[in-house]
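*Asks:* Before I ask anything, here is the structure I am working with.
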Amino acid sequence: MSSAKLARYIQKMNEICAAVAVHDLDKVLEYFDDECVVVNGAGGTVGDKSALVPGFEEMFATFPDWTPRVATSFLEGDTIGVLFEVTGTAGGTGPKVTWIGTGYSTFDPKTLKIVRDVYFMDEAALEQKINDAALAG
């Protein structure tokens with residue numbers, strides 16, 4: 001594994017997380033190749049770059065302070081596997097929760113754009129965390 005390549009890809013993932021935190025969807029989308037294949041592992045759907053937009057918009061609406069960060073990563077070839085630690089306040093006024101998500105992003109090593117993105121999140125577990133936090137709060 002190339003430590004320089006891993007550092008470049010982690011930097012890109014951190015930049016994406018920063019753009020997400022300020023709801024700059026246009027900036028987020030700049031990191032994805034126009035022909036990117038997007039696989040939603042939770043929903044079992046496959047789409048193109050435009051498939052990212054509704055998911056981001058839904059998360060921005062559900063968690064106005066949605067903030068992901070790279071917790072750890074692993075590189076295989078040009079694919080980086082990332083474990084994200086994510087925080088957000090449900091509805092902006094509800095309980096603040098922390099959860100994890102995973103993603104596998106394959107980069108074009110020349111353009112440094114993501115050409116394949118696969119992500120997973122346990123949506124049922126997140127919903128349970130929100131409910132538990134609301135009951136405790």
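By order of appearance in the structure tokens: chains A, B, ..., then residues from 1 within every chain, and ligands from 1 in the order shown.
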Would you list the contacts of stretch 112-127 of chain A as an NGL selection string, taking every protein, DNA or RNA residue within 7 Å and counting only C-alpha atoms, but skipping same-chain residues closer than 6 positions in sequence?

*Replies:* :A and (31-33 or 35-42 or 99 or 101-106)

*Asks:* Using only C-alpha atoms, which protein or nucleic acid residues come within 7 Å of A:Phe84? Drop anything in the same chain fewer than 5 positions from it, and give the result as a PyMOL selection string.

*Replies:* chain A and resi 68-71+100-102

*Asks:* So that I can see what lies close to A:Thr93, please list as a PDB file with all heavy atoms, in the first residue's frame the residues with an atom at most 12 Å from it, counting only C-alpha atoms and leaving out residues fewer than 2 positions away in the same chain.

*Replies:*
ATOM      1  N   ALA A  61     -31.730  17.821   5.484  1.00  0.00           N
ATOM      2  CA  ALA A  61     -33.023  18.168   6.064  1.00  0.00           C
ATOM      3  C   ALA A  61     -33.235  17.465   7.406  1.00  0.00           C
ATOM      4  O   ALA A  61     -33.764  18.059   8.349  1.00  0.00           O
ATOM      5  CB  ALA A  61     -34.147  17.802   5.090  1.00  0.00           C
ATOM      6  N   THR A  62     -32.817  16.214   7.495  1.00  0.00           N
ATOM      7  CA  THR A  62     -33.021  15.436   8.719  1.00  0.00           C
ATOM      8  C   THR A  62     -32.059  15.854   9.826  1.00  0.00           C
ATOM      9  O   THR A  62     -32.443  15.917  10.994  1.00  0.00           O
ATOM     10  CB  THR A  62     -32.845  13.928   8.423  1.00  0.00           C
ATOM     11  OG1 THR A  62     -33.730  13.564   7.358  1.00  0.00           O
ATOM     12  CG2 THR A  62     -33.150  13.083   9.639  1.00  0.00           C
ATOM     13  N   PHE A  63     -30.826  16.136   9.455  1.00  0.00           N
ATOM     14  CA  PHE A  63     -29.790  16.524  10.416  1.00  0.00           C
ATOM     15  C   PHE A  63     -29.132  17.813   9.936  1.00  0.00           C
ATOM     16  O   PHE A  63     -28.115  17.774   9.236  1.00  0.00           O
ATOM     17  CB  PHE A  63     -28.723  15.427  10.542  1.00  0.00           C
ATOM     18  CG  PHE A  63     -29.260  14.119  11.038  1.00  0.00           C
ATOM     19  CD1 PHE A  63     -29.560  13.098  10.155  1.00  0.00           C
ATOM     20  CD2 PHE A  63     -29.478  13.916  12.395  1.00  0.00           C
ATOM     21  CE1 PHE A  63     -30.060  11.889  10.602  1.00  0.00           C
ATOM     22  CE2 PHE A  63     -29.976  12.714  12.857  1.00  0.00           C
ATOM     23  CZ  PHE A  63     -30.273  11.694  11.961  1.00  0.00           C
ATOM     24  N   PRO A  64     -29.690  18.975  10.282  1.00  0.00           N
ATOM     25  CA  PRO A  64     -29.135  20.246   9.802  1.00  0.00           C
ATOM     26  C   PRO A  64     -27.663  20.457  10.169  1.00  0.00           C
ATOM     27  O   PRO A  64     -26.963  21.188   9.482  1.00  0.00           O
ATOM     28  CB  PRO A  64     -30.023  21.297  10.458  1.00  0.00           C
ATOM     29  CG  PRO A  64     -31.296  20.591  10.760  1.00  0.00           C
ATOM     30  CD  PRO A  64     -30.917  19.174  11.054  1.00  0.00           C
ATOM     31  N   ASP A  65     -27.210  19.797  11.222  1.00  0.00           N
ATOM     32  CA  ASP A  65     -25.800  19.923  11.636  1.00  0.00           C
ATOM     33  C   ASP A  65     -25.016  18.643  11.346  1.00  0.00           C
ATOM     34  O   ASP A  65     -24.019  18.350  12.001  1.00  0.00           O
ATOM     35  CB  ASP A  65     -25.710  20.290  13.117  1.00  0.00           C
ATOM     36  CG  ASP A  65     -26.371  19.256  14.026  1.00  0.00           C
ATOM     37  OD1 ASP A  65     -27.151  18.411  13.528  1.00  0.00           O
ATOM     38  OD2 ASP A  65     -26.117  19.300  15.239  1.00  0.00           O
ATOM     39  N   GLY A  88     -25.134  14.317  14.384  1.00  0.00           N
ATOM     40  CA  GLY A  88     -26.188  15.189  13.901  1.00  0.00           C
ATOM     41  C   GLY A  88     -27.314  15.293  14.902  1.00  0.00           C
ATOM     42  O   GLY A  88     -27.503  14.409  15.736  1.00  0.00           O
ATOM     43  N   THR A  89     -28.032  16.386  14.822  1.00  0.00           N
ATOM     44  CA  THR A  89     -29.185  16.620  15.683  1.00  0.00           C
ATOM     45  C   THR A  89     -30.450  16.411  14.855  1.00  0.00           C
ATOM     46  O   THR A  89     -30.676  17.147  13.890  1.00  0.00           O
ATOM     47  CB  THR A  89     -29.152  18.055  16.251  1.00  0.00           C
ATOM     48  OG1 THR A  89     -27.910  18.252  16.929  1.00  0.00           O
ATOM     49  CG2 THR A  89     -30.307  18.283  17.225  1.00  0.00           C
ATOM     50  N   ALA A  90     -31.238  15.420  15.234  1.00  0.00           N
ATOM     51  CA  ALA A  90     -32.441  15.074  14.477  1.00  0.00           C
ATOM     52  C   ALA A  90     -33.392  16.263  14.418  1.00  0.00           C
ATOM     53  O   ALA A  90     -33.773  16.820  15.442  1.00  0.00           O
ATOM     54  CB  ALA A  90     -33.136  13.872  15.103  1.00  0.00           C
ATOM     55  N   GLY A  91     -33.733  16.667  13.200  1.00  0.00           N
ATOM     56  CA  GLY A  91     -34.654  17.771  13.004  1.00  0.00           C
ATOM     57  C   GLY A  91     -34.112  19.125  13.423  1.00  0.00           C
ATOM     58  O   GLY A  91     -34.825  20.116  13.394  1.00  0.00           O
ATOM     59  N   PRO A  95     -32.745  15.104  19.552  1.00  0.00           N
ATOM     60  CA  PRO A  95     -31.528  14.638  20.211  1.00  0.00           C
ATOM     61  C   PRO A  95     -30.335  14.618  19.257  1.00  0.00           C
ATOM     62  O   PRO A  95     -30.485  14.335  18.071  1.00  0.00           O
ATOM     63  CB  PRO A  95     -31.888  13.229  20.652  1.00  0.00           C
ATOM     64  CG  PRO A  95     -32.970  12.794  19.719  1.00  0.00           C
ATOM     65  CD  PRO A  95     -33.733  14.041  19.378  1.00  0.00           C
ATOM     66  N   LYS A  96     -29.164  14.932  19.793  1.00  0.00           N
ATOM     67  CA  LYS A  96     -27.917  14.820  19.026  1.00  0.00           C
ATOM     68  C   LYS A  96     -27.441  13.380  19.160  1.00  0.00           C
ATOM     69  O   LYS A  96     -27.378  12.855  20.268  1.00  0.00           O
ATOM     70  CB  LYS A  96     -26.863  15.785  19.538  1.00  0.00           C
ATOM     71  CG  LYS A  96     -25.624  15.796  18.664  1.00  0.00           C
ATOM     72  CD  LYS A  96     -24.755  16.987  18.955  1.00  0.00           C
ATOM     73  CE  LYS A  96     -23.733  17.103  17.856  1.00  0.00           C
ATOM     74  NZ  LYS A  96     -23.384  18.453  17.577  1.00  0.00           N
ATOM     75  N   VAL A  97     -27.158  12.766  18.036  1.00  0.00           N
ATOM     76  CA  VAL A  97     -26.735  11.372  18.036  1.00  0.00           C
ATOM     77  C   VAL A  97     -25.434  11.227  17.246  1.00  0.00           C
ATOM     78  O   VAL A  97     -25.104  12.063  16.400  1.00  0.00           O
ATOM     79  CB  VAL A  97     -27.823  10.435  17.454  1.00  0.00           C
ATOM     80  CG1 VAL A  97     -29.046  10.389  18.344  1.00  0.00           C
ATOM     81  CG2 VAL A  97     -28.211  10.834  16.044  1.00  0.00           C
ATOM     82  N   ILE A 130     -31.959   7.540  17.605  1.00  0.00           N
ATOM     83  CA  ILE A 130     -32.710   8.783  17.719  1.00  0.00           C
ATOM     84  C   ILE A 130     -33.855   8.604  18.721  1.00  0.00           C
ATOM     85  O   ILE A 130     -34.060   9.439  19.606  1.00  0.00           O
ATOM     86  CB  ILE A 130     -33.244   9.238  16.348  1.00  0.00           C
ATOM     87  CG1 ILE A 130     -32.085   9.616  15.436  1.00  0.00           C
ATOM     88  CG2 ILE A 130     -34.229  10.401  16.498  1.00  0.00           C
ATOM     89  CD1 ILE A 130     -32.469   9.789  13.985  1.00  0.00           C
ATOM     90  N   ALA A 134     -34.230  10.460  22.338  1.00  0.00           N
ATOM     91  CA  ALA A 134     -35.398  11.291  22.611  1.00  0.00           C
ATOM     92  C   ALA A 134     -36.067  10.870  23.919  1.00  0.00           C
ATOM     93  O   ALA A 134     -36.503  11.705  24.707  1.00  0.00           O
ATOM     94  CB  ALA A 134     -36.389  11.211  21.450  1.00  0.00           C
ATOM     95  N   GLY A 137     -33.816  11.987  26.797  1.00  0.00           N
ATOM     96  CA  GLY A 137     -33.623  13.440  26.903  1.00  0.00           C
ATOM     97  C   GLY A 137     -34.805  14.130  27.467  1.00  0.00           C
ATOM     98  O   GLY A 137     -34.854  15.100  28.105  1.00  0.00           O
TER      99      GLY A 137
END

*Asks:* Can you work out the spacing between atom CA of A:Phe74 and atom CA of A:Asp108 in Å, to one decimal?

*Replies:* 16.6 Å

*Asks:* Quick one: pull the distance between atom CA of A:Asn14 and atom CA of A:Gln128, Å, one decimal.

*Replies:* 27.6 Å

*Asks:* Using only C-alpha atoms, which residue out of A:Glu15, A:Asp24, A:Asp132, A:Asp78 lies closest to A:Val53?

*Replies:*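 For A:Val53, the nearest of the candidates is A:Asp24.
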
*Asks:* Find the residue from A:Leu52, A:Glu58, A:Ile80, A:His23 that sits nearest to A:Gln11; use only C-alpha atoms when measuring.

*Replies:*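 With only C-alpha atoms as the atom set, the closest residue is A:Ile80.
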
*Asks:* If you run DSSP on this backbone, which residues of chain A come out as helix (DSSP H, G or I), and could you give them as JSON, numbers by chain?

*Replies:* {"A": [3, 4, 5, 6, 7, 8, 9, 10, 11, 12, 13, 14, 15, 16, 17, 18, 19, 20, 21, 25, 26, 27, 28, 29, 30, 49, 50, 51, 52, 53, 54, 55, 56, 57, 58, 59, 60, 61, 62, 90, 91, 92, 123, 124, 125, 126, 127, 128, 129, 130, 131, 132, 133, 134, 135, 136]}

*Asks:* For A:Ser73, which residue out of A:Leu29, A:Val86, A:Ala4, A:Met13 is the nearest one, using only C-alpha atoms?

*Replies:*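 Closest candidate: A:Met13.
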
*Asks:* Using DSSP on the backbone coordinates, identify the residues of stretch 55-103 of chain A assigned to strand (DSSP E or B); present them as a PDB file with C-alpha atoms, in the first residue's frame.

*Replies:*
ATOM      1  CA  THR A  67     -21.055  16.294  10.394  1.00  0.00           C
ATOM      2  CA  PRO A  68     -19.134  13.264   9.126  1.00  0.00           C
ATOM      3  CA  ARG A  69     -15.468  12.630   9.797  1.00  0.00           C
ATOM      4  CA  VAL A  70     -13.062   9.940   8.669  1.00  0.00           C
ATOM      5  CA  ALA A  71     -12.477   7.708  11.696  1.00  0.00           C
ATOM      6  CA  THR A  72     -10.260   5.165   9.967  1.00  0.00           C
ATOM      7  CA  SER A  73      -9.456   3.976   6.475  1.00  0.00           C
ATOM      8  CA  PHE A  74      -7.793   1.264   4.440  1.00  0.00           C
ATOM      9  CA  LEU A  75      -6.486   1.370   0.894  1.00  0.00           C
ATOM     10  CA  GLU A  76      -6.556  -1.422  -1.674  1.00  0.00           C
ATOM     11  CA  THR A  79     -10.208   2.024  -3.535  1.00  0.00           C
ATOM     12  CA  ILE A  80     -10.311   3.515  -0.072  1.00  0.00           C
ATOM     13  CA  GLY A  81     -12.533   1.940   2.545  1.00  0.00           C
ATOM     14  CA  VAL A  82     -13.624   4.458   5.152  1.00  0.00           C
ATOM     15  CA  LEU A  83     -15.329   4.138   8.507  1.00  0.00           C
ATOM     16  CA  PHE A  84     -17.084   7.438   9.167  1.00  0.00           C
ATOM     17  CA  GLU A  85     -18.086   8.738  12.577  1.00  0.00           C
ATOM     18  CA  VAL A  86     -21.109  10.956  12.043  1.00  0.00           C
ATOM     19  CA  THR A  87     -22.968  13.304  14.368  1.00  0.00           C
ATOM     20  CA  GLY A  88     -26.188  15.189  13.901  1.00  0.00           C
ATOM     21  CA  THR A  89     -29.185  16.620  15.683  1.00  0.00           C
ATOM     22  CA  LYS A  96     -27.917  14.820  19.026  1.00  0.00           C
ATOM     23  CA  VAL A  97     -26.735  11.372  18.036  1.00  0.00           C
ATOM     24  CA  THR A  98     -23.524   9.783  16.812  1.00  0.00           C
ATOM     25  CA  TRP A  99     -23.436   6.869  14.412  1.00  0.00           C
ATOM     26  CA  ILE A 100     -21.077   5.127  12.009  1.00  0.00           C
ATOM     27  CA  GLY A 101     -21.263   4.602   8.294  1.00  0.00           C
ATOM     28  CA  THR A 102     -18.967   2.943   5.823  1.00  0.00           C
ATOM     29  CA  GLY A 103     -17.976   3.783   2.314  1.00  0.00           C
TER      30      GLY A 103
END
